[in-house]
Amino acid sequence: MAWRSAGFNVDRMRLSARRTLPRAVFDFADGGAEDEVTLRANETAFDDLRLWPRPLDGAAERDLSVELFGQRLSLPVVIGPTGLAGLFWPDGERCSARAAAAAGTAYCLSHGSVCTLEELAATGVAPRWMQVFVYKDRGFTEELTRRAQAAGYAALVLTIDNQLLGKRERDTVNGFQIPPRLGPLQLAAMATRLGWLWRMKGSLRGLTFGNYVRPGQPSDIATLAGKMGSILDPGMSWRDVEWLRGLWQGPLLLKGVLHTEEARRALAAGVDGLIVSNHGGRQLDGAVASLNALPHVAAAVEGRIPVLLDGGIRRGGDVLKALALGATCCLIGRPQLWGLAVAGEAGVAHVLELLRGELDRAMGLCGIERIEAIGPQLLEPGRFGSLPIAA
Ligand SMILES: Cc1cc2nc3c(=O)[nH]c(=O)nc-3n(C[C@H](O)[C@H](O)[C@H](O)COP(=O)(O)O)c2cc1C
């Protein structure tokens, strides 16, 4: 298929997505907060780190699988939570989750999915993780947590870096609205995006934040999106983490950890995993690049719990670098949405296979046979020698 050959790497899939999506929808995913300093830093941090291969170590066959929370994933890449995936392709969340399961990896559903968490669970795809926030109404956090437990989600991800919404200026420039405004002017501007419009014609009207819909209350997405900023609690604290720890039976991850003190505190609070993340540069502009924070967080937890990373993963080699710096596994946000926008489930599967193929090649070229063998020996000799390899 033409889209596959055009999308021969993740960046090419991004370009294909840009040609497919209305500008405002593309920018909603592609953009970051304010001057997008952190967004850029996430990617350049990988470019600034070089590998030191030892090809004579011999790696004829590579095993990319990794153990995480008692489950074996076929590659160390999980699909991270992205709200409104259903804006990029009809039924986007279920398409991505199916692609993840077929690839042998996990899918994390966003609080802000179009389908409900129960609808995703009904597909039977696994492993599934669920992402939540701390709301001013703790009862709602509790409700989502209990629903995820009842629906058999394998892990709960509490995102801590989104309590005030980031200032995303591309959305302001584009007049981005949820749902997208489709007046005569917007339709004219979309003349070259007819494929998306045609695909989405049945889904746009019903677009909603499925998990937020309440019987007898307005369920249209504009109303729900309008409420979003005011229902999150910027006053959340460690007490909430401890409370959630008591509520959720199973692996609990904190997403958005950058500081070593938070990492240590999370250990004490009984958290089972950390996701080193700055929300893909969409929240605090100027925040440290995820990759740069990673070795410090990994050192702070001393291999006692898995440390995951997201932000800027665009190549299989980026995954290798993150693992060398102490990550157990990586998550992807935008690359998944680009895959969805280009070809739905097949597009997401393609993105995962691109990353798998590149990681496999990079491991072979470095002389590494198993994920567990990836460590600081792949990096500049002496500079990262004392880093622990995450469990
Ligand atoms: C369109 C979009 C929506 C997102 N929605 C959520 C969300 O609902 N919850 C969350 O924890 N993170 C959300 N994120 C952040 C991602 O989970 C992830 O941290 C980030 O995209 C990783 O960076 P990357 O896009 O460079 O891979 C979103 C990201 C994007 C691009």
# chains A, B, ... in the order shown; residues from 1 in each chain; ligands from 1

call {"tool": "residues_near_ligand", "arguments": {"ligand": "ligand 1", "cutoff": "9 Å", "atoms": "only C-alpha atoms and all ligand atoms", "output": "VMD selection string"}}
result
chain A and resid 25 to 32 39 42 to 43 79 to 85 108 to 113 131 to 133 157 to 162 255 to 256 275 to 282 309 to 314 330 to 337

call {"tool": "write_last_selection", "arguments": {"atoms": "C-alpha atoms", "output": "compact mmCIF listing (two decimals), in the first residue's frame"}}
result
# COMPACT_ATOMS: atom_id res chain seq x y z
CA VAL A 25 -6.61 18.57 14.43
CA PHE A 26 -3.04 17.85 13.36
CA ASP A 27 -1.72 20.72 15.48
CA PHE A 28 -3.82 19.69 18.48
CA ALA A 29 -1.69 16.54 18.66
CA ASP A 30 1.57 17.81 17.21
CA GLY A 31 1.86 20.97 19.24
CA GLY A 32 3.22 21.66 22.69
CA LEU A 39 8.61 19.54 23.05
CA ASN A 42 12.39 15.80 24.24
CA GLU A 43 13.47 14.88 20.74
CA ILE A 79 0.90 2.88 23.73
CA GLY A 80 0.47 5.78 26.12
CA PRO A 81 -2.78 7.56 26.99
CA THR A 82 -3.95 10.16 24.50
CA GLY A 83 -7.32 11.83 24.90
CA LEU A 84 -9.64 12.06 21.90
CA ALA A 85 -7.93 9.38 19.82
CA CYS A 108 -3.18 2.65 28.16
CA LEU A 109 -6.63 4.22 27.82
CA SER A 110 -6.87 7.95 28.49
CA HIS A 111 -9.42 9.38 30.92
CA GLY A 112 -10.52 11.42 27.90
CA SER A 113 -11.24 8.59 25.50
CA GLN A 131 -5.20 6.53 33.17
CA VAL A 132 -6.94 8.81 35.68
CA PHE A 133 -6.59 12.25 37.28
CA VAL A 157 -1.83 5.28 35.77
CA LEU A 158 -2.24 8.49 37.75
CA THR A 159 -1.13 11.47 35.66
CA ILE A 160 0.21 14.23 37.89
CA ASP A 161 1.36 16.89 35.41
CA ASN A 162 -1.97 18.01 33.98
CA LYS A 255 2.95 9.54 35.16
CA GLY A 256 4.73 12.87 34.97
CA ILE A 275 6.59 7.17 34.05
CA VAL A 276 9.23 9.82 33.49
CA SER A 277 7.29 12.28 31.37
CA ASN A 278 6.56 15.93 30.76
CA HIS A 279 3.34 15.15 28.91
CA GLY A 280 5.13 15.38 25.58
CA GLY A 281 5.95 19.05 26.18
CA ARG A 282 2.24 19.93 26.31
CA LEU A 309 9.77 6.93 29.85
CA ASP A 310 7.78 8.85 27.29
CA GLY A 311 8.38 11.95 25.22
CA GLY A 312 10.18 12.15 21.91
CA ILE A 313 10.43 8.46 21.03
CA ARG A 314 10.56 8.48 17.24
CA CYS A 330 8.91 3.37 26.75
CA LEU A 331 5.53 4.78 25.81
CA ILE A 332 4.54 6.56 22.62
CA GLY A 333 1.93 9.30 22.36
CA ARG A 334 1.92 11.20 19.07
CA PRO A 335 3.41 8.42 16.89
CA GLN A 336 0.34 6.34 17.70
CA LEU A 337 -1.99 9.19 16.68

call {"tool": "closest_atom_pairs", "arguments": {"of": "range 245-287 of chain A", "to": "range 222-240 of chain A", "cutoff": "10 Å", "atoms": "only C-alpha atoms", "output": "JSON lines"}}
result
{"residue": "A:Arg245", "atom": "CA", "partner": "A:Asp240", "partner_atom": "CA", "distance": 8.4}
{"residue": "A:Gly246", "atom": "CA", "partner": "A:Asp240", "partner_atom": "CA", "distance": 9.8}
{"residue": "A:Glu262", "atom": "CA", "partner": "A:Trp238", "partner_atom": "CA", "distance": 9.5}
{"residue": "A:Arg265", "atom": "CA", "partner": "A:Trp238", "partner_atom": "CA", "distance": 8.3}
{"residue": "A:Ala266", "atom": "CA", "partner": "A:Trp238", "partner_atom": "CA", "distance": 8.3}
{"residue": "A:Ala269", "atom": "CA", "partner": "A:Trp238", "partner_atom": "CA", "distance": 7.8}

call {"tool": "atom_distance", "arguments": {"atom1": "CA of Asn9 in chain A", "atom2": "CA of Trp52 in chain A"}}
result
23.1 Å

call {"tool": "residues_around", "arguments": {"residues": "Ser65 in chain A", "least_positions_apart": "3", "cutoff": "9 Å", "atoms": "only C-alpha atoms", "output": "PyMOL selection string"}}
result
chain A and resi 72-76+370-371

call {"tool": "write_last_selection", "arguments": {"atoms": "N, CA and C atoms", "output": "mmCIF file, in the first residue's frame"}}
result
data_model
loop_
_atom_site.group_PDB
_atom_site.id
_atom_site.type_symbol
_atom_site.label_atom_id
_atom_site.label_comp_id
_atom_site.auth_asym_id
_atom_site.auth_seq_id
_atom_site.Cartn_x
_atom_site.Cartn_y
_atom_site.Cartn_z
ATOM 1 N N ARG A 72 4.579 -10.523 29.970
ATOM 2 C CA ARG A 72 5.674 -10.397 29.010
ATOM 3 C C ARG A 72 5.163 -9.645 27.792
ATOM 4 N N LEU A 73 5.807 -8.531 27.497
ATOM 5 C CA LEU A 73 5.469 -7.749 26.308
ATOM 6 C C LEU A 73 6.470 -8.124 25.220
ATOM 7 N N SER A 74 6.021 -8.143 23.972
ATOM 8 C CA SER A 74 6.918 -8.604 22.899
ATOM 9 C C SER A 74 7.937 -7.533 22.514
ATOM 10 N N LEU A 75 7.710 -6.313 22.952
ATOM 11 C CA LEU A 75 8.707 -5.244 22.743
ATOM 12 C C LEU A 75 8.529 -4.199 23.833
ATOM 13 N N PRO A 76 9.594 -3.457 24.146
ATOM 14 C CA PRO A 76 9.503 -2.512 25.263
ATOM 15 C C PRO A 76 8.894 -1.178 24.868
ATOM 16 N N ARG A 370 19.643 -9.403 24.227
ATOM 17 C CA ARG A 370 18.446 -9.399 25.068
ATOM 18 C C ARG A 370 18.251 -8.016 25.660
ATOM 19 N N ILE A 371 16.998 -7.665 25.893
ATOM 20 C CA ILE A 371 16.679 -6.349 26.468
ATOM 21 C C ILE A 371 17.387 -6.173 27.819
#

call {"tool": "residues_around", "arguments": {"residues": "Glu119 in chain A", "least_positions_apart": "4", "cutoff": "10 Å", "atoms": "only C-alpha atoms", "output": "list of chain:residue names"}}
result
A:Glu93, A:Arg94, A:Val114, A:Cys115, A:Thr123, A:Gly124, A:Ala151, A:Gly210, A:Asn211

call {"tool": "write_last_selection", "arguments": {"atoms": "C-alpha atoms", "output": "PDB file, in the first residue's frame"}}
result
ATOM      1  CA  GLU A  93      -9.126   4.001  20.874  1.00  0.00           C
ATOM      2  CA  ARG A  94     -10.321   0.525  20.041  1.00  0.00           C
ATOM      3  CA  VAL A 114     -14.201   8.820  23.167  1.00  0.00           C
ATOM      4  CA  CYS A 115     -15.341   5.275  23.995  1.00  0.00           C
ATOM      5  CA  THR A 123     -13.131  -5.953  23.075  1.00  0.00           C
ATOM      6  CA  GLY A 124     -11.113  -8.247  25.336  1.00  0.00           C
ATOM      7  CA  ALA A 151     -13.556  -3.977  33.969  1.00  0.00           C
ATOM      8  CA  GLY A 210     -17.269   8.616  27.081  1.00  0.00           C
ATOM      9  CA  ASN A 211     -16.139   8.154  30.685  1.00  0.00           C
TER      10      ASN A 211
END

call {"tool": "atom_distance", "arguments": {"atom1": "CA of Val307 in chain A", "atom2": "CA of Leu355 in chain A"}}
result
19.5 Å

call {"tool": "residues_around", "arguments": {"residues": "Trp89 in chain A", "least_positions_apart": "3", "cutoff": "12 Å", "atoms": "only C-alpha atoms", "output": "PyMOL selection string"}}
result
chain A and resi 17+20-21+25+84-86+92-96+114+195-204+207+336-348

call {"tool": "residues_around", "arguments": {"residues": "Trp129 in chain A", "least_positions_apart": "3", "cutoff": "7 Å", "atoms": "only C-alpha atoms", "output": "JSON, numbers by chain"}}
result
{"A": [107, 108, 109, 153, 154, 155, 156]}
